[in-house]
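Engineer: Below is the file entry_7.cif, which contains mmCIF, C-alpha atoms.
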data_model
#
loop_
_atom_site.label_atom_id
_atom_site.label_comp_id
_atom_site.auth_asym_id
_atom_site.auth_seq_id
_atom_site.Cartn_x
_atom_site.Cartn_y
_atom_site.Cartn_z
CA MET Z 1 -18.10 -0.52 10.22
CA LEU Z 2 -17.55 -4.13 11.13
CA PHE Z 3 -13.80 -4.13 10.84
CA PHE Z 4 -13.58 -1.27 13.24
CA SER Z 5 -13.86 -3.88 15.98
CA PHE Z 6 -10.47 -5.19 14.96
CA PHE Z 7 -8.65 -1.95 15.12
CA ARG Z 8 -5.18 -2.24 16.54
CA THR Z 9 -5.10 -6.00 16.24
CA LEU Z 10 -2.33 -7.61 14.31
CA VAL Z 11 -3.39 -8.42 10.77
CA ASP Z 12 -1.65 -10.54 8.26
CA GLN Z 13 -2.75 -10.25 4.69
CA GLU Z 14 -1.97 -11.52 1.27
CA LEU Z 15 -2.27 -9.43 -1.86
CA LYS Z 16 -3.33 -10.69 -5.24
CA ASN Z 17 0.23 -10.84 -6.49
CA GLY Z 18 1.37 -13.12 -3.69
CA ILE Z 19 2.90 -10.53 -1.38
CA GLU Z 20 2.21 -11.03 2.29
CA VAL Z 21 2.22 -8.12 4.71
CA LYS Z 22 1.85 -8.05 8.47
CA GLY Z 23 1.20 -5.06 10.66
CA PHE Z 24 -1.10 -3.23 13.00
CA LEU Z 25 -4.34 -2.10 11.39
CA LYS Z 26 -4.57 1.60 11.83
CA SER Z 27 -7.43 2.57 9.59
CA MET Z 28 -9.60 1.29 6.77
CA ASP Z 29 -12.39 2.52 4.52
CA GLN Z 30 -15.33 1.39 2.42
CA TYR Z 31 -13.11 0.09 -0.40
CA LEU Z 32 -11.16 -2.07 2.05
CA ASN Z 33 -8.17 0.19 1.58
CA LEU Z 34 -5.98 -0.40 4.60
CA LYS Z 35 -3.43 1.51 6.50
CA LEU Z 36 -0.93 -0.46 8.52
CA ASP Z 37 1.62 0.53 11.12
CA ASN Z 38 4.71 -1.35 12.29
CA ILE Z 39 5.17 -3.43 9.18
CA SER Z 40 6.96 -6.46 10.50
CA MET Z 41 7.12 -8.93 7.64
CA ILE Z 42 6.84 -9.25 3.93
CA THR Z 43 7.36 -12.44 1.92
CA ASP Z 44 9.95 -11.18 -0.51
CA GLU Z 45 12.67 -9.22 1.23
CA VAL Z 46 14.88 -9.12 -1.86
CA LYS Z 47 12.24 -7.16 -3.70
CA PHE Z 48 11.57 -4.75 -0.82
CA PRO Z 49 14.79 -3.78 0.90
CA GLN Z 50 13.29 -0.34 1.55
CA LEU Z 51 10.78 -1.83 3.96
CA VAL Z 52 12.91 -1.20 7.03
CA ALA Z 53 12.52 2.51 6.42
CA VAL Z 54 8.75 2.41 5.98
CA ARG Z 55 6.74 4.14 8.67
CA ASN Z 56 3.26 3.22 7.57
CA LEU Z 57 1.82 1.42 4.62
CA PHE Z 58 -1.28 2.20 2.59
CA ILE Z 59 -2.68 -0.79 0.72
CA ARG Z 60 -5.29 -0.40 -1.98
CA GLY Z 61 -8.33 -2.54 -1.25
CA SER Z 62 -8.63 -3.80 -4.81
CA MET Z 63 -5.32 -5.62 -4.44
CA VAL Z 64 -6.20 -7.49 -1.26
CA ARG Z 65 -6.96 -11.19 -1.49
CA TYR Z 66 -7.51 -11.90 2.18
CA ILE Z 67 -6.97 -10.55 5.66
CA HIS Z 68 -6.02 -12.94 8.37
CA LEU Z 69 -6.66 -12.13 12.00
CA ASN Z 70 -4.96 -13.96 14.80
CA PRO Z 71 -7.68 -15.98 16.62
CA GLN Z 72 -6.11 -15.10 19.96
CA SER Z 73 -6.49 -11.39 19.40
CA ILE Z 74 -10.15 -11.31 18.30
CA SER Z 75 -13.27 -11.85 20.26
CA THR Z 76 -15.67 -14.14 18.40
CA ASP Z 77 -18.59 -12.87 20.49
CA LEU Z 78 -17.86 -9.34 19.42
CA LEU Z 79 -17.56 -10.42 15.82
CA GLN Z 80 -20.89 -12.26 15.87
CA ASP Z 81 -22.58 -9.29 17.49
CA ALA Z 82 -21.17 -6.87 14.96
CA SER Z 83 -22.12 -9.02 11.97
CA ARG Z 84 -25.69 -9.51 13.11
CA ARG Z 85 -26.43 -5.98 14.06
CA GLY Z 86 -26.43 -5.12 10.35
CA LYS Z 87 -25.58 -1.47 10.74
CA MET I 1 -11.12 40.52 23.74
CA SER I 2 -14.58 39.33 24.60
CA GLU I 3 -15.55 35.68 24.83
CA THR I 4 -17.93 35.85 21.85
CA GLU I 5 -15.07 36.72 19.51
CA THR I 6 -12.78 33.86 20.50
CA THR I 7 -15.18 30.92 20.63
CA PRO I 8 -17.23 30.02 17.52
CA PRO I 9 -21.02 29.71 17.82
CA ALA I 10 -22.23 26.33 19.08
CA SER I 11 -23.87 25.35 15.77
CA GLU I 12 -20.61 25.77 13.84
CA ASP I 13 -18.77 23.70 16.41
CA ARG I 14 -21.08 20.76 15.84
CA ARG I 15 -20.74 21.00 12.08
CA GLU I 16 -17.02 20.59 12.37
CA ASP I 17 -17.39 17.56 14.64
CA LEU I 18 -19.76 16.00 12.13
CA TYR I 19 -17.29 16.58 9.31
CA LEU I 20 -14.42 14.98 11.20
CA GLU I 21 -16.53 11.99 12.10
CA SER I 22 -17.46 11.16 8.50
CA TYR I 23 -13.94 11.91 7.39
CA SER I 24 -12.20 9.29 9.51
CA PHE I 25 -13.09 6.29 7.32
CA THR I 26 -12.19 7.68 3.93
CA THR I 27 -9.27 7.02 1.62
CA ALA I 28 -8.33 10.66 1.95
CA ALA I 29 -7.93 10.37 5.71
CA GLN I 30 -5.50 7.51 5.22
CA ILE I 31 -3.28 9.20 2.69
CA ILE I 32 -3.40 12.81 3.84
CA GLY I 33 -0.71 12.26 6.46
CA SER I 34 1.79 11.30 3.75
CA VAL I 35 1.36 14.43 1.64
CA ASP I 36 4.66 16.29 1.08
CA ARG I 37 6.53 13.32 2.53
CA LYS I 38 8.86 10.94 0.78
CA VAL I 39 7.00 7.79 -0.20
CA PHE I 40 7.50 4.64 -2.18
CA VAL I 41 4.75 3.41 -4.45
CA TYR I 42 4.54 -0.20 -5.50
CA LEU I 43 2.60 -0.62 -8.72
CA ARG I 44 0.51 -3.44 -10.10
CA ASP I 45 3.18 -4.30 -12.67
CA GLU I 46 5.68 -4.74 -9.80
CA ARG I 47 7.56 -1.50 -10.41
CA THR I 48 8.65 0.61 -7.48
CA ILE I 49 8.67 4.40 -7.56
CA PHE I 50 10.17 6.67 -4.92
CA GLY I 51 9.34 10.35 -4.66
CA VAL I 52 7.52 13.09 -2.84
CA LEU I 53 3.75 12.71 -2.67
CA ARG I 54 2.19 16.01 -3.66
CA THR I 55 -1.50 15.27 -4.00
CA PHE I 56 -4.06 12.48 -4.28
CA ASP I 57 -7.79 11.84 -4.51
CA GLN I 58 -10.43 9.35 -3.35
CA PHE I 59 -9.33 6.73 -5.91
CA ALA I 60 -5.75 6.89 -4.66
CA ASN I 61 -4.65 8.58 -7.88
CA LEU I 62 -1.30 10.01 -6.87
CA VAL I 63 0.99 12.80 -7.97
CA ILE I 64 4.63 12.01 -7.24
CA GLN I 65 7.26 14.66 -7.66
CA ASP I 66 11.01 14.07 -8.20
CA ALA I 67 10.26 10.42 -8.87
CA VAL I 68 12.96 7.80 -9.05
CA GLU I 69 12.23 4.34 -10.35
CA ARG I 70 14.20 1.67 -8.56
CA ILE I 71 14.68 -1.92 -9.60
CA CYS I 72 15.99 -4.38 -7.04
CA LEU I 73 17.33 -7.66 -8.33
CA PRO I 74 18.38 -10.90 -6.68
CA GLY I 75 22.03 -10.94 -5.64
CA LYS I 76 21.79 -7.57 -3.87
CA ARG I 77 21.86 -5.44 -6.99
CA TYR I 78 19.81 -2.36 -7.74
CA ALA I 79 19.38 0.38 -10.32
CA ASP I 80 17.92 3.87 -10.15
CA GLU I 81 16.51 6.07 -12.89
CA GLU I 82 15.25 9.61 -12.39
CA ARG I 83 11.77 10.11 -13.78
CA ASP I 84 10.63 13.59 -12.75
CA THR I 85 6.87 13.82 -12.10
CA TYR I 86 4.36 11.03 -12.18
CA ILE I 87 0.57 11.08 -12.11
CA ILE I 88 -0.34 7.54 -11.17
CA ARG I 89 -3.81 6.23 -11.84
CA GLY I 90 -5.17 4.71 -8.65
CA GLU I 91 -6.06 1.32 -10.10
CA ASN I 92 -2.37 0.65 -10.73
CA VAL I 93 -1.34 1.26 -7.13
CA THR I 94 -0.79 -1.80 -4.98
CA MET I 95 0.65 -0.11 -1.95
CA MET I 96 2.23 3.08 -0.82
CA GLY I 97 4.48 3.56 2.17
CA GLU I 98 5.84 6.60 3.89
CA LEU I 99 9.63 6.50 4.19
CA ASP I 100 11.74 7.49 7.13
CA ILE I 101 14.38 9.65 5.42
CA ASP I 102 16.91 8.95 8.15
CA LYS I 103 16.76 5.24 7.50
CA GLU I 104 15.96 5.04 3.80
CA ASP I 105 19.57 4.63 2.56
CA GLN I 106 20.42 2.08 5.22
CA PRO I 107 19.17 -1.03 3.39
CA MET I 108 20.82 0.03 0.12
CA GLU I 109 24.32 0.16 1.63
CA SER I 110 24.85 -3.56 1.11
CA PHE I 111 23.60 -3.34 -2.49
CA THR I 112 25.66 -2.73 -5.61
CA ARG I 113 24.36 -0.27 -8.15
CA ILE I 114 24.22 -1.43 -11.75
CA PRO I 115 23.23 0.43 -14.94
CA PHE I 116 19.46 0.89 -15.25
CA LYS I 117 19.22 -0.46 -18.81
CA GLU I 118 20.85 -3.70 -17.74
CA ALA I 119 18.61 -4.02 -14.67
CA GLU I 120 15.50 -3.27 -16.71
CA ARG I 121 16.33 -6.01 -19.20
CA GLU I 122 16.82 -8.58 -16.42
CA PHE I 123 13.70 -7.39 -14.59
CA LYS I 124 11.59 -7.78 -17.72
CA GLN I 125 12.96 -11.27 -18.20
CA ILE I 126 12.00 -12.22 -14.63
CA GLN I 127 8.53 -10.73 -15.15
CA HIS I 128 8.14 -12.64 -18.38
CA ASN I 129 9.05 -15.92 -16.70
CA ILE I 130 6.54 -15.26 -13.92
CA LYS I 131 3.89 -14.51 -16.52
CA LEU I 132 4.56 -17.77 -18.34
CA SER I 133 4.38 -19.87 -15.18
CA GLN I 134 1.21 -18.06 -14.10
CA ALA I 135 -0.40 -18.61 -17.49
CA LYS I 136 0.23 -22.32 -17.19
CA LYS I 137 -1.26 -22.35 -13.68
CA GLN I 138 -4.25 -20.32 -14.84
CA GLU I 139 -4.89 -22.71 -17.69
CA ILE I 140 -5.12 -25.65 -15.30
CA LEU I 141 -7.33 -23.70 -12.89
CA THR I 142 -9.69 -22.53 -15.63
CA LYS I 143 -9.96 -26.07 -16.98
CA ASN I 144 -11.21 -27.08 -13.53
CA GLY I 145 -13.66 -24.24 -13.29
CA LEU I 146 -11.64 -21.89 -11.10
CA VAL I 147 -11.34 -18.47 -12.61
CA GLY I 148 -8.54 -16.69 -10.81
CA ASP I 149 -7.60 -13.07 -10.72
CA TYR I 150 -3.84 -13.19 -11.00
CA ILE I 151 -3.28 -11.25 -14.18
CA GLN I 152 0.05 -9.55 -14.63
CA ASP I 153 0.54 -7.22 -17.54
CA PRO I 154 3.83 -7.68 -19.33
#
Could you spell out this file's structure in structure tokens?

Structural biologist:
Amino acid sequence: MLFFSFFRTLVDQELKNGIEVKGFLKSMDQYLNLKLDNISMITDEVKFPQLVAVRNLFIRGSMVRYIHLNPQSISTDLLQDASRRGK
Amino acid sequence: MSETETTPPASEDRREDLYLESYSFTTAAQIIGSVDRKVFVYLRDERTIFGVLRTFDQFANLVIQDAVERICLPGKRYADEERDTYIIRGENVTMMGELDIDKEDQPMESFTRIPFKEAEREFKQIQHNIKLSQAKKQEILTKNGLVGDYIQDP
């Protein structure tokens, strides 16, 4: 589980319909379904006023376009190691 | 009570550990904490449904009880419509969030409620406009060999 290395780092991701979400990665699975904590930002606040009351967010992997990780919070060495181990 | 009665045999103990280990990276493990809690579900066609999550499966198919569909429109307006029970097919789910029931009404206080029919009409118009602009974009992209995946159903 490569992405396990990034657990508890801040991720910023965009979904296929242009929504952008930011939060702490809490868990993920084989389908790239994600669970985020502390949702701090979303592009369209008009459309999601309920977001202040959200405790955690489950995002279906099929709707994810990309996940962005802050370069300061990841270790490239660890990432290289994890990708090459091929487990 | 003797010790043998209170502690399970060692082999059974290990089996349980094994189960928990394989369980931690599944869809089920992510959603199970939200069962019987109030959630909002954001669907692929941009609709938002609020309700109590009753059950789910590995595809994120969801059963939502006492569902309310809410439309939020620009200009701080919203509309609610009660919908009873939903069984949502997983492929239509974009995201699902657990709501803090103490805070959930807070953001709506500054909103004005309008009739649902009216909101629905405006919402569909907005969706239609998005669809048109996306179609135009897609046409240009396809012409240049880029097949995108932004497809919104009407």

Engineer: Step by step, work through what the PyMOL selection byres ((chain I and resi 79) around 10) selects in the shown file, and finish by giving those residues as a VMD selection string.

Structural biologist: chain I and resid 68 to 73 77 to 78 80 to 81 111 to 120

Engineer: If you keep C-alpha atoms, can you produce a file of those selected residues as an mmCIF file, in the frame of the given file?

Structural biologist:
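Writing done, so here's out_35.cif:
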data_model
loop_
_atom_site.group_PDB
_atom_site.id
_atom_site.type_symbol
_atom_site.label_atom_id
_atom_site.label_comp_id
_atom_site.auth_asym_id
_atom_site.auth_seq_id
_atom_site.Cartn_x
_atom_site.Cartn_y
_atom_site.Cartn_z
ATOM 1 C CA VAL I 68 12.960 7.800 -9.050
ATOM 2 C CA GLU I 69 12.230 4.340 -10.350
ATOM 3 C CA ARG I 70 14.200 1.670 -8.560
ATOM 4 C CA ILE I 71 14.680 -1.920 -9.600
ATOM 5 C CA CYS I 72 15.990 -4.380 -7.040
ATOM 6 C CA LEU I 73 17.330 -7.660 -8.330
ATOM 7 C CA ARG I 77 21.860 -5.440 -6.990
ATOM 8 C CA TYR I 78 19.810 -2.360 -7.740
ATOM 9 C CA ASP I 80 17.920 3.870 -10.150
ATOM 10 C CA GLU I 81 16.510 6.070 -12.890
ATOM 11 C CA PHE I 111 23.600 -3.340 -2.490
ATOM 12 C CA THR I 112 25.660 -2.730 -5.610
ATOM 13 C CA ARG I 113 24.360 -0.270 -8.150
ATOM 14 C CA ILE I 114 24.220 -1.430 -11.750
ATOM 15 C CA PRO I 115 23.230 0.430 -14.940
ATOM 16 C CA PHE I 116 19.460 0.890 -15.250
ATOM 17 C CA LYS I 117 19.220 -0.460 -18.810
ATOM 18 C CA GLU I 118 20.850 -3.700 -17.740
ATOM 19 C CA ALA I 119 18.610 -4.020 -14.670
ATOM 20 C CA GLU I 120 15.500 -3.270 -16.710
#

Engineer: If the cut-off is 6 Å, can you tell me the residues of chain I near chain Z, counting all atoms listed in the file? I'd like them as JSON, numbers by chain.

Structural biologist: {"I": [25, 26, 72, 94, 95, 96, 97, 98, 99, 100, 103, 104, 107]}

Engineer: One decimal, in Å: what's the spacing between atom CA of I:Ile32 and atom CA of I:Asp102?

Structural biologist: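 Computing it gives 21.1 Å between the two atoms.
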
Engineer: Atom CA of I:Lys124 and atom CA of I:Thr85 are how many Å apart?

Structural biologist: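 Computing it gives 22.8 Å between the two atoms.
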
Engineer: In Å, with one decimal, what is the gap from atom CA of I:Gly51 to atom CA of I:His128?

Structural biologist: 26.8 Å

Engineer: Name all residues at most 7 Å from I:Arg54 (count only C-alpha atoms; drop same-chain ones fewer than 6 positions away) and give them as a ChimeraX atom specification.

Structural biologist: /I:35-36,63-65

Engineer: Give the answer as one residue: which of I:Ala135, I:Gln58, I:Phe50, I:Arg44 has the shortest atom-to-atom distance to Z:Ile19, using only C-alpha atoms?

Structural biologist: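 With only C-alpha atoms as the atom set, the closest residue is I:Arg44.
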